[in-house]
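So the structure is just underneath, and the comments pick up after that.
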Amino acid sequence: MTDIILNHKSIRKYKDDPVAQPLLTGILTAASRASTTGNMQVYSIVVTTDKTIKEKLWEAHFKQNMVLKAPVILTFCADFNRFNKWCRQRKAVPGYDNFLSFFTAAIDALLAAQNAALAAEAQGLGICYLGTTTYNADLIIDILELPSGVVPVTTLTLGYPDETPEPADRLPLEGIVHAEKYRDYTPEDIDRIYREKDTSPLTRKLLQENNLETLAQIFTQKRYTKKDNELFSGKLLDVISKQGFGG
Ligand SMILES: Cc1cc2nc3c(=O)[nH]c(=O)nc-3n(C[C@H](O)[C@H](O)[C@H](O)COP(=O)(O)O)c2cc1C
């Protein structure tokens, strides 16, 4: 299992080969065995293989091609709808129409997603998460007909890899681990921890292409801008509230 984790690489190009149903069922079963708050399993997984629905999802995911190419798309949703119904059918009054409950359900959904990801990789499949799920949650709600109490929080593309990318870099362990208590970073720590990322050949190429001075500027000015973050934060907060978690 550790080897599988250490060999993880996001896969964005897929072969046409379908994922056999027993294999998919095994991956979904692994997802369902993830730890879950109070054993409530307040999440749902929507499996998409239909071409027409995939085309709609592709639009919602900013036309990322892997959504069309991957044979299976798994949308992981925070879901209190089912649990609320169970409560009401059992003479119990649910109190889950609030932000804490949304966050709880989102954590459950993410843990299930990562279990599915690892189970898939263990079977020779490739995956890629799609952050665009939270950018355009409103569109995905419409496409997948998600009722009140259900919010999509992440998506996995799933299929047989048609590429063998190099492993992406990671920060050194000392950059992310704190012994006993949080030790805040000095400017020297930041220089050391980010040195490899800042100076890699890939970074140099990106800087040339974007005519920018630092990798951090690529993040703040190109990839994840304040303007976009504020726009999509507003949209997501609206969605969370509209789907019944605004109490
Ligand atoms: C929550 C989340 C959202 C992501 N969204 C996207 C995405 O929309 N498109 C994409 O190509 N990769 C996406 N990724 C993949 C990351 O870019 C990738 O994990 C990261 O660059 C590290 O590379 P690796 O997974 O190959 O180690 C996402 C990853 C996570 C965890």
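Residue numbering restarts at 1 for every chain of the structure tokens, chains are lettered A, B, ... in their displayed order, and ligands are numbered from 1 as they appear.
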
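The list of residues with at least one atom within 8 Å of stretch 190-204 of chain A, based on only C-alpha atoms and without residues fewer than 4 positions apart in the same chain, reads Asp169, Leu171, Pro172, Glu174, Gly175, Tyr185, Thr186, Gln208, Thr214 and Leu215 of chain A.
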
Please save all heavy atoms of the selected residues as a PDB file, in the first residue's frame.
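What landed in out-v5.pdb:
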```pdb
ATOM      1  N   ASP A 169       6.809  17.148  -7.832  1.00  0.00           N
ATOM      2  CA  ASP A 169       7.631  17.390  -6.628  1.00  0.00           C
ATOM      3  C   ASP A 169       6.733  17.508  -5.392  1.00  0.00           C
ATOM      4  O   ASP A 169       5.527  17.722  -5.507  1.00  0.00           O
ATOM      5  CB  ASP A 169       8.431  18.693  -6.799  1.00  0.00           C
ATOM      6  CG  ASP A 169       7.513  19.902  -6.853  1.00  0.00           C
ATOM      7  OD1 ASP A 169       7.001  20.196  -7.942  1.00  0.00           O
ATOM      8  OD2 ASP A 169       7.247  20.509  -5.793  1.00  0.00           O
ATOM      9  N   LEU A 171       7.102  19.256  -1.184  1.00  0.00           N
ATOM     10  CA  LEU A 171       7.957  19.955  -0.229  1.00  0.00           C
ATOM     11  C   LEU A 171       8.672  18.913   0.625  1.00  0.00           C
ATOM     12  O   LEU A 171       8.124  17.828   0.863  1.00  0.00           O
ATOM     13  CB  LEU A 171       7.117  20.867   0.675  1.00  0.00           C
ATOM     14  CG  LEU A 171       6.363  21.994  -0.032  1.00  0.00           C
ATOM     15  CD1 LEU A 171       5.509  22.765   0.965  1.00  0.00           C
ATOM     16  CD2 LEU A 171       7.315  22.934  -0.761  1.00  0.00           C
ATOM     17  N   PRO A 172       9.885  19.225   1.096  1.00  0.00           N
ATOM     18  CA  PRO A 172      10.542  18.281   2.003  1.00  0.00           C
ATOM     19  C   PRO A 172       9.696  18.108   3.264  1.00  0.00           C
ATOM     20  O   PRO A 172       8.961  19.021   3.662  1.00  0.00           O
ATOM     21  CB  PRO A 172      11.881  18.951   2.318  1.00  0.00           C
ATOM     22  CG  PRO A 172      11.719  20.385   1.940  1.00  0.00           C
ATOM     23  CD  PRO A 172      10.665  20.451   0.885  1.00  0.00           C
ATOM     24  N   GLU A 174      10.346  18.152   6.340  1.00  0.00           N
ATOM     25  CA  GLU A 174      10.552  19.146   7.414  1.00  0.00           C
ATOM     26  C   GLU A 174       9.762  20.430   7.129  1.00  0.00           C
ATOM     27  O   GLU A 174       9.531  21.231   8.023  1.00  0.00           O
ATOM     28  CB  GLU A 174      12.044  19.454   7.605  1.00  0.00           C
ATOM     29  CG  GLU A 174      12.755  19.947   6.360  1.00  0.00           C
ATOM     30  CD  GLU A 174      13.353  21.352   6.512  1.00  0.00           C
ATOM     31  OE1 GLU A 174      13.113  21.996   7.536  1.00  0.00           O
ATOM     32  OE2 GLU A 174      14.026  21.795   5.560  1.00  0.00           O
ATOM     33  N   GLY A 175       9.350  20.616   5.892  1.00  0.00           N
ATOM     34  CA  GLY A 175       8.568  21.799   5.551  1.00  0.00           C
ATOM     35  C   GLY A 175       7.112  21.704   5.963  1.00  0.00           C
ATOM     36  O   GLY A 175       6.429  22.720   6.083  1.00  0.00           O
ATOM     37  N   TYR A 185       7.431  29.788  10.426  1.00  0.00           N
ATOM     38  CA  TYR A 185       8.526  29.767   9.457  1.00  0.00           C
ATOM     39  C   TYR A 185       9.256  31.108   9.410  1.00  0.00           C
ATOM     40  O   TYR A 185       8.621  32.161   9.287  1.00  0.00           O
ATOM     41  CB  TYR A 185       7.957  29.449   8.070  1.00  0.00           C
ATOM     42  CG  TYR A 185       7.238  28.117   8.027  1.00  0.00           C
ATOM     43  CD1 TYR A 185       5.870  28.039   8.234  1.00  0.00           C
ATOM     44  CD2 TYR A 185       7.941  26.942   7.814  1.00  0.00           C
ATOM     45  CE1 TYR A 185       5.209  26.824   8.214  1.00  0.00           C
ATOM     46  CE2 TYR A 185       7.295  25.714   7.783  1.00  0.00           C
ATOM     47  CZ  TYR A 185       5.923  25.664   7.991  1.00  0.00           C
ATOM     48  OH  TYR A 185       5.281  24.460   7.971  1.00  0.00           O
ATOM     49  N   THR A 186      10.588  31.054   9.478  1.00  0.00           N
ATOM     50  CA  THR A 186      11.403  32.256   9.258  1.00  0.00           C
ATOM     51  C   THR A 186      11.553  32.429   7.743  1.00  0.00           C
ATOM     52  O   THR A 186      11.329  31.473   6.977  1.00  0.00           O
ATOM     53  CB  THR A 186      12.800  32.087   9.877  1.00  0.00           C
ATOM     54  OG1 THR A 186      13.452  31.003   9.181  1.00  0.00           O
ATOM     55  CG2 THR A 186      12.729  31.764  11.369  1.00  0.00           C
ATOM     56  N   GLN A 208       9.560  31.500 -17.957  1.00  0.00           N
ATOM     57  CA  GLN A 208       9.825  32.044 -19.299  1.00  0.00           C
ATOM     58  C   GLN A 208       8.530  32.218 -20.079  1.00  0.00           C
ATOM     59  O   GLN A 208       8.265  33.276 -20.647  1.00  0.00           O
ATOM     60  CB  GLN A 208      10.741  31.087 -20.061  1.00  0.00           C
ATOM     61  CG  GLN A 208      12.128  31.669 -20.224  1.00  0.00           C
ATOM     62  CD  GLN A 208      13.019  30.760 -21.055  1.00  0.00           C
ATOM     63  OE1 GLN A 208      12.597  29.692 -21.494  1.00  0.00           O
ATOM     64  NE2 GLN A 208      14.244  31.183 -21.251  1.00  0.00           N
ATOM     65  N   THR A 214       8.775  34.988 -10.384  1.00  0.00           N
ATOM     66  CA  THR A 214       8.786  33.910  -9.383  1.00  0.00           C
ATOM     67  C   THR A 214       7.612  32.958  -9.609  1.00  0.00           C
ATOM     68  O   THR A 214       6.567  33.350 -10.144  1.00  0.00           O
ATOM     69  CB  THR A 214       8.670  34.476  -7.942  1.00  0.00           C
ATOM     70  OG1 THR A 214       7.347  35.009  -7.766  1.00  0.00           O
ATOM     71  CG2 THR A 214       9.721  35.533  -7.659  1.00  0.00           C
ATOM     72  N   LEU A 215       7.805  31.736  -9.112  1.00  0.00           N
ATOM     73  CA  LEU A 215       6.728  30.738  -9.213  1.00  0.00           C
ATOM     74  C   LEU A 215       5.503  31.189  -8.415  1.00  0.00           C
ATOM     75  O   LEU A 215       4.365  30.988  -8.840  1.00  0.00           O
ATOM     76  CB  LEU A 215       7.248  29.388  -8.693  1.00  0.00           C
ATOM     77  CG  LEU A 215       6.248  28.244  -8.705  1.00  0.00           C
ATOM     78  CD1 LEU A 215       5.768  27.942 -10.127  1.00  0.00           C
ATOM     79  CD2 LEU A 215       6.866  26.991  -8.085  1.00  0.00           C
TER      80      LEU A 215
END
```

### Query
Given a cut-off of 12 Å, what residues near ligand 1 show up using only C-alpha atoms and all ligand atoms, put as number ranges by chain?
A: 5-13, 58, 60-67, 76, 106-107, 109-111, 113-114, 117-118, 121, 126-136, 152-157, 163-171, 223-224

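For A:Pro18, the residues within 12 Å (counting only C-alpha atoms, excluding itself and residues fewer than 6 positions away along the chain) are Leu24, Thr49, Asp50, Lys69, Ala70, Pro71, Val72, Ile73, Leu125, Leu158, Gly159, Tyr160 and Pro161 of chain A.
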
Let's have the selection written as a PDB file, in the first residue's frame, with N, CA, C and O atoms.
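Result file part-v5.pdb:
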```pdb
ATOM      1  N   LEU A  24     -14.982  -1.695 -10.715  1.00  0.00           N
ATOM      2  CA  LEU A  24     -15.577  -0.441 -10.243  1.00  0.00           C
ATOM      3  C   LEU A  24     -16.288  -0.662  -8.908  1.00  0.00           C
ATOM      4  O   LEU A  24     -16.164   0.143  -7.977  1.00  0.00           O
ATOM      5  N   THR A  49     -20.949   7.411 -16.599  1.00  0.00           N
ATOM      6  CA  THR A  49     -20.281   6.781 -17.747  1.00  0.00           C
ATOM      7  C   THR A  49     -20.965   7.217 -19.054  1.00  0.00           C
ATOM      8  O   THR A  49     -20.389   7.082 -20.130  1.00  0.00           O
ATOM      9  N   ASP A  50     -22.180   7.737 -18.937  1.00  0.00           N
ATOM     10  CA  ASP A  50     -22.972   8.130 -20.099  1.00  0.00           C
ATOM     11  C   ASP A  50     -22.322   9.320 -20.828  1.00  0.00           C
ATOM     12  O   ASP A  50     -21.975  10.336 -20.197  1.00  0.00           O
ATOM     13  N   LYS A  69     -12.550  11.956 -21.871  1.00  0.00           N
ATOM     14  CA  LYS A  69     -11.761  10.772 -22.224  1.00  0.00           C
ATOM     15  C   LYS A  69     -11.855   9.654 -21.179  1.00  0.00           C
ATOM     16  O   LYS A  69     -11.869   8.469 -21.527  1.00  0.00           O
ATOM     17  N   ALA A  70     -11.890  10.014 -19.889  1.00  0.00           N
ATOM     18  CA  ALA A  70     -11.913   8.984 -18.844  1.00  0.00           C
ATOM     19  C   ALA A  70     -13.223   8.202 -18.937  1.00  0.00           C
ATOM     20  O   ALA A  70     -14.288   8.808 -19.090  1.00  0.00           O
ATOM     21  N   PRO A  71     -13.168   6.867 -18.874  1.00  0.00           N
ATOM     22  CA  PRO A  71     -14.420   6.106 -19.013  1.00  0.00           C
ATOM     23  C   PRO A  71     -15.392   6.309 -17.841  1.00  0.00           C
ATOM     24  O   PRO A  71     -16.595   6.140 -18.017  1.00  0.00           O
ATOM     25  N   VAL A  72     -14.847   6.675 -16.682  1.00  0.00           N
ATOM     26  CA  VAL A  72     -15.715   6.837 -15.505  1.00  0.00           C
ATOM     27  C   VAL A  72     -15.395   8.159 -14.806  1.00  0.00           C
ATOM     28  O   VAL A  72     -14.229   8.507 -14.619  1.00  0.00           O
ATOM     29  N   ILE A  73     -16.459   8.861 -14.434  1.00  0.00           N
ATOM     30  CA  ILE A  73     -16.318  10.078 -13.630  1.00  0.00           C
ATOM     31  C   ILE A  73     -17.057   9.826 -12.322  1.00  0.00           C
ATOM     32  O   ILE A  73     -18.233   9.438 -12.330  1.00  0.00           O
ATOM     33  N   LEU A 125      -5.298   1.402 -12.306  1.00  0.00           N
ATOM     34  CA  LEU A 125      -6.040   2.505 -12.932  1.00  0.00           C
ATOM     35  C   LEU A 125      -5.378   3.834 -12.556  1.00  0.00           C
ATOM     36  O   LEU A 125      -4.598   3.903 -11.603  1.00  0.00           O
ATOM     37  N   LEU A 158     -11.453   8.561 -13.815  1.00  0.00           N
ATOM     38  CA  LEU A 158     -10.973   7.196 -13.545  1.00  0.00           C
ATOM     39  C   LEU A 158     -10.864   6.427 -14.856  1.00  0.00           C
ATOM     40  O   LEU A 158     -11.793   6.440 -15.662  1.00  0.00           O
ATOM     41  N   GLY A 159      -9.726   5.763 -15.045  1.00  0.00           N
ATOM     42  CA  GLY A 159      -9.560   4.953 -16.249  1.00  0.00           C
ATOM     43  C   GLY A 159      -8.139   4.443 -16.356  1.00  0.00           C
ATOM     44  O   GLY A 159      -7.299   4.708 -15.489  1.00  0.00           O
ATOM     45  N   TYR A 160      -7.889   3.704 -17.454  1.00  0.00           N
ATOM     46  CA  TYR A 160      -6.541   3.167 -17.667  1.00  0.00           C
ATOM     47  C   TYR A 160      -5.636   4.259 -18.230  1.00  0.00           C
ATOM     48  O   TYR A 160      -5.999   4.924 -19.218  1.00  0.00           O
ATOM     49  N   PRO A 161      -4.469   4.466 -17.604  1.00  0.00           N
ATOM     50  CA  PRO A 161      -3.575   5.564 -18.012  1.00  0.00           C
ATOM     51  C   PRO A 161      -3.097   5.416 -19.448  1.00  0.00           C
ATOM     52  O   PRO A 161      -2.767   4.315 -19.890  1.00  0.00           O
TER      53      PRO A 161
END
```

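If you look at atom CA of A:Phe102 and atom CA of A:Gly247, they are 10.5 Å away from each other.
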
## Note on the structure
Here atom CA of A:Phe245 and atom CA of A:Phe99 stand apart by 5.5 Å
